[in-house]
Each structure stands twice: as structure tokens, then as C-alpha cells.
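J.: Contents of coords03.pdb (PDB, C-alpha atoms, pLDDT in the B column) are below:
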ATOM      1  CA  MET A 886     -17.633 -81.092  11.778  1.00 75.00           C
ATOM      2  CA  GLU A 887     -14.094 -81.208  10.461  1.00 86.00           C
ATOM      3  CA  LYS A 888     -11.008 -80.048  12.366  1.00 89.00           C
ATOM      4  CA  PRO A 889      -9.475 -76.952  10.779  1.00 91.00           C
ATOM      5  CA  LYS A 890      -6.197 -77.339   8.934  1.00 92.00           C
ATOM      6  CA  LEU A 891      -3.609 -75.075  10.516  1.00 91.00           C
ATOM      7  CA  SER A 892      -0.715 -73.542   8.635  1.00 93.00           C
ATOM      8  CA  PRO A 893       2.857 -74.154   9.834  1.00 93.00           C
ATOM      9  CA  ASP A 894       3.137 -70.421  10.653  1.00 94.00           C
ATOM     10  CA  PHE A 895      -0.076 -70.394  12.760  1.00 93.00           C
ATOM     11  CA  THR A 896      -1.628 -67.181  11.455  1.00 96.00           C
ATOM     12  CA  MET A 897      -4.482 -65.135  12.865  1.00 97.00           C
ATOM     13  CA  GLU A 898      -6.790 -66.909  10.401  1.00 96.00           C
ATOM     14  CA  ASP A 899      -5.753 -70.203  11.979  1.00 96.00           C
ATOM     15  CA  LEU A 900      -6.573 -68.824  15.398  1.00 96.00           C
ATOM     16  CA  TYR A 901     -10.014 -67.651  14.242  1.00 96.00           C
ATOM     17  CA  SER A 902     -10.716 -71.023  12.590  1.00 95.00           C
ATOM     18  CA  LEU A 903      -9.676 -72.900  15.716  1.00 93.00           C
ATOM     19  CA  ARG A 904     -11.792 -70.726  17.988  1.00 95.00           C
ATOM     20  CA  GLU A 905     -14.833 -71.141  15.738  1.00 95.00           C
ATOM     21  CA  TYR A 906     -14.304 -74.915  15.584  1.00 94.00           C
ATOM     22  CA  ASN A 907     -14.113 -75.201  19.380  1.00 92.00           C
ATOM     23  CA  SER A 908     -17.085 -72.916  19.861  1.00 93.00           C
ATOM     24  CA  LEU A 909     -19.282 -74.978  17.549  1.00 94.00           C
ATOM     25  CA  ARG A 910     -17.974 -78.264  18.949  1.00 92.00           C
ATOM     26  CA  ARG A 911     -18.746 -77.224  22.525  1.00 93.00           C
ATOM     27  CA  TYR A 912     -22.080 -75.525  21.812  1.00 94.00           C
ATOM     28  CA  GLY A 913     -24.362 -78.247  23.170  1.00 93.00           C
ATOM     29  CA  MET A 914     -22.141 -79.508  25.978  1.00 95.00           C
ATOM     30  CA  THR A 915     -23.235 -79.492  29.580  1.00 96.00           C
ATOM     31  CA  THR A 916     -21.014 -77.752  32.129  1.00 96.00           C
ATOM     32  CA  GLU A 917     -19.586 -81.091  33.243  1.00 96.00           C
ATOM     33  CA  GLU A 918     -18.798 -82.114  29.658  1.00 96.00           C
ATOM     34  CA  LEU A 919     -17.198 -78.747  28.971  1.00 95.00           C
ATOM     35  CA  ILE A 920     -14.995 -78.983  32.076  1.00 95.00           C
ATOM     36  CA  ALA A 921     -13.938 -82.536  31.130  1.00 95.00           C
ATOM     37  CA  ASP A 922     -13.116 -81.428  27.575  1.00 93.00           C
ATOM     38  CA  ILE A 923     -11.042 -78.471  28.737  1.00 93.00           C
ATOM     39  CA  ARG A 924      -9.308 -80.550  31.428  1.00 95.00           C
ATOM     40  CA  GLN A 925      -8.252 -83.136  28.824  1.00 93.00           C
ATOM     41  CA  GLY A 926      -6.475 -80.468  26.757  1.00 91.00           C
ATOM     42  CA  ALA A 927      -5.040 -78.799  29.840  1.00 96.00           C
ATOM     43  CA  ASP A 928      -3.615 -82.091  31.112  1.00 96.00           C
ATOM     44  CA  LYS A 929      -1.844 -82.640  27.784  1.00 95.00           C
ATOM     45  CA  GLY A 930      -0.409 -79.130  27.909  1.00 95.00           C
ATOM     46  CA  LEU A 931       0.758 -79.510  31.496  1.00 97.00           C
ATOM     47  CA  ALA A 932       2.425 -82.826  30.661  1.00 96.00           C
ATOM     48  CA  GLN A 933       4.301 -81.161  27.789  1.00 96.00           C
ATOM     49  CA  ILE A 934       5.427 -78.316  30.050  1.00 96.00           C
ATOM     50  CA  GLU A 935       6.653 -80.811  32.667  1.00 96.00           C
ATOM     51  CA  GLN A 936       8.576 -82.735  29.997  1.00 95.00           C
ATOM     52  CA  ILE A 937      10.253 -79.538  28.766  1.00 95.00           C
ATOM     53  CA  ARG A 938      11.212 -78.604  32.334  1.00 94.00           C
ATOM     54  CA  LYS A 939      12.768 -82.034  32.896  1.00 92.00           C
ATOM     55  CA  GLU A 940      14.734 -81.811  29.644  1.00 90.00           C
ATOM     56  CA  LYS A 941      15.901 -78.306  30.538  1.00 89.00           C
ATOM     57  CA  THR A 942      16.996 -79.449  34.009  1.00 87.00           C
ATOM     58  CA  LEU A 943      18.937 -82.370  32.542  1.00 81.00           C
ATOM     59  CA  ALA A 944      20.627 -80.115  29.978  1.00 82.00           C
ATOM     60  CA  THR A 945      21.740 -77.557  32.576  1.00 81.00           C
ATOM     61  CA  ALA A 946      22.988 -80.272  34.958  1.00 73.00           C
ATOM     62  CA  GLN A 947      25.478 -81.594  32.384  1.00 69.00           C
TER      63      GLN A 947
END
Go ahead and render the structure in this file as C-alpha cells.
T.:
Amino acid sequence: MEKPKLSPDFTMEDLYSLREYNSLRRYGMTTEELIADIRQGADKGLAQIEQIRKEKTLATAQ
């Protein structure tokens, strides 16, 4: 299965393609595998949010 190519504008079609890709990719996963897969993406997102907060704090402190 190939990852969908997303447009720079991230359209609704991109969203549908991404949802279908993840649905098919996760179809045969056990609950534990599914939780691990979701946690991996969530950890990346949380790290990005933390980085943005740090940058914002540094910018306002100057």
C-alpha cells in the first residue's frame, strides 16, 4: 500500500485519501498495535506543539 500524495493546499480529497489509507493500513491490527501506532503519531504531534510553545515563549520574552 502506497502513502497518498497530499497537495500543498490539503484539500478535502487529501483528507479522504489519508483517512482511507489509515483505515486500510490499520485494518488487521490488534488493539495493542493500534494503540502503539496512534501513540507514535500523537507523540510526534505533542513534540511539535511543545517546540512551538518554547519558540513562542522565547519570542515574547525578547
J.: Interatomic distance between CA of Asp922 (chain A) and CA of Gln936 (chain A)?
T.: 21.9 Å
J.: Pick from A:Asp894, A:Glu887, A:Glu935, A:Asp928: nearest to Leu909 (chain A), with all atoms listed in the file counted?
T.: A:Glu887
J.: Do a neighbour search on Leu903 (chain A) at 12 Å with all atoms listed in the file, toss out local chain neighbours closer than 3 positions, and write the hits as a PDB file with C-alpha atoms, in the frame of the given file.
T.:
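The result, stored in out-v1.pdb:
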ATOM      1  CA  GLU A 887     -14.094 -81.208  10.461  1.00 86.00           C
ATOM      2  CA  LYS A 888     -11.008 -80.048  12.366  1.00 89.00           C
ATOM      3  CA  PRO A 889      -9.475 -76.952  10.779  1.00 91.00           C
ATOM      4  CA  LYS A 890      -6.197 -77.339   8.934  1.00 92.00           C
ATOM      5  CA  LEU A 891      -3.609 -75.075  10.516  1.00 91.00           C
ATOM      6  CA  SER A 892      -0.715 -73.542   8.635  1.00 93.00           C
ATOM      7  CA  PHE A 895      -0.076 -70.394  12.760  1.00 93.00           C
ATOM      8  CA  THR A 896      -1.628 -67.181  11.455  1.00 96.00           C
ATOM      9  CA  MET A 897      -4.482 -65.135  12.865  1.00 97.00           C
ATOM     10  CA  GLU A 898      -6.790 -66.909  10.401  1.00 96.00           C
ATOM     11  CA  ASP A 899      -5.753 -70.203  11.979  1.00 96.00           C
ATOM     12  CA  LEU A 900      -6.573 -68.824  15.398  1.00 96.00           C
ATOM     13  CA  TYR A 906     -14.304 -74.915  15.584  1.00 94.00           C
ATOM     14  CA  ASN A 907     -14.113 -75.201  19.380  1.00 92.00           C
ATOM     15  CA  SER A 908     -17.085 -72.916  19.861  1.00 93.00           C
ATOM     16  CA  LEU A 909     -19.282 -74.978  17.549  1.00 94.00           C
ATOM     17  CA  ARG A 910     -17.974 -78.264  18.949  1.00 92.00           C
TER      18      ARG A 910
END
J.: In Å to one decimal, how far is CA of Gly930 (chain A) from CA of Ala944 (chain A)?
T.: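 Separation of CA of Ala944 (chain A) and CA of Gly930 (chain A): 21.2 Å.
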J.: What does the structure give for the distance between CA of Lys939 (chain A) and CA of Ile923 (chain A), in Å to one decimal?
T.: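 CA of Lys939 (chain A) sits 24.4 Å away from CA of Ile923 (chain A).
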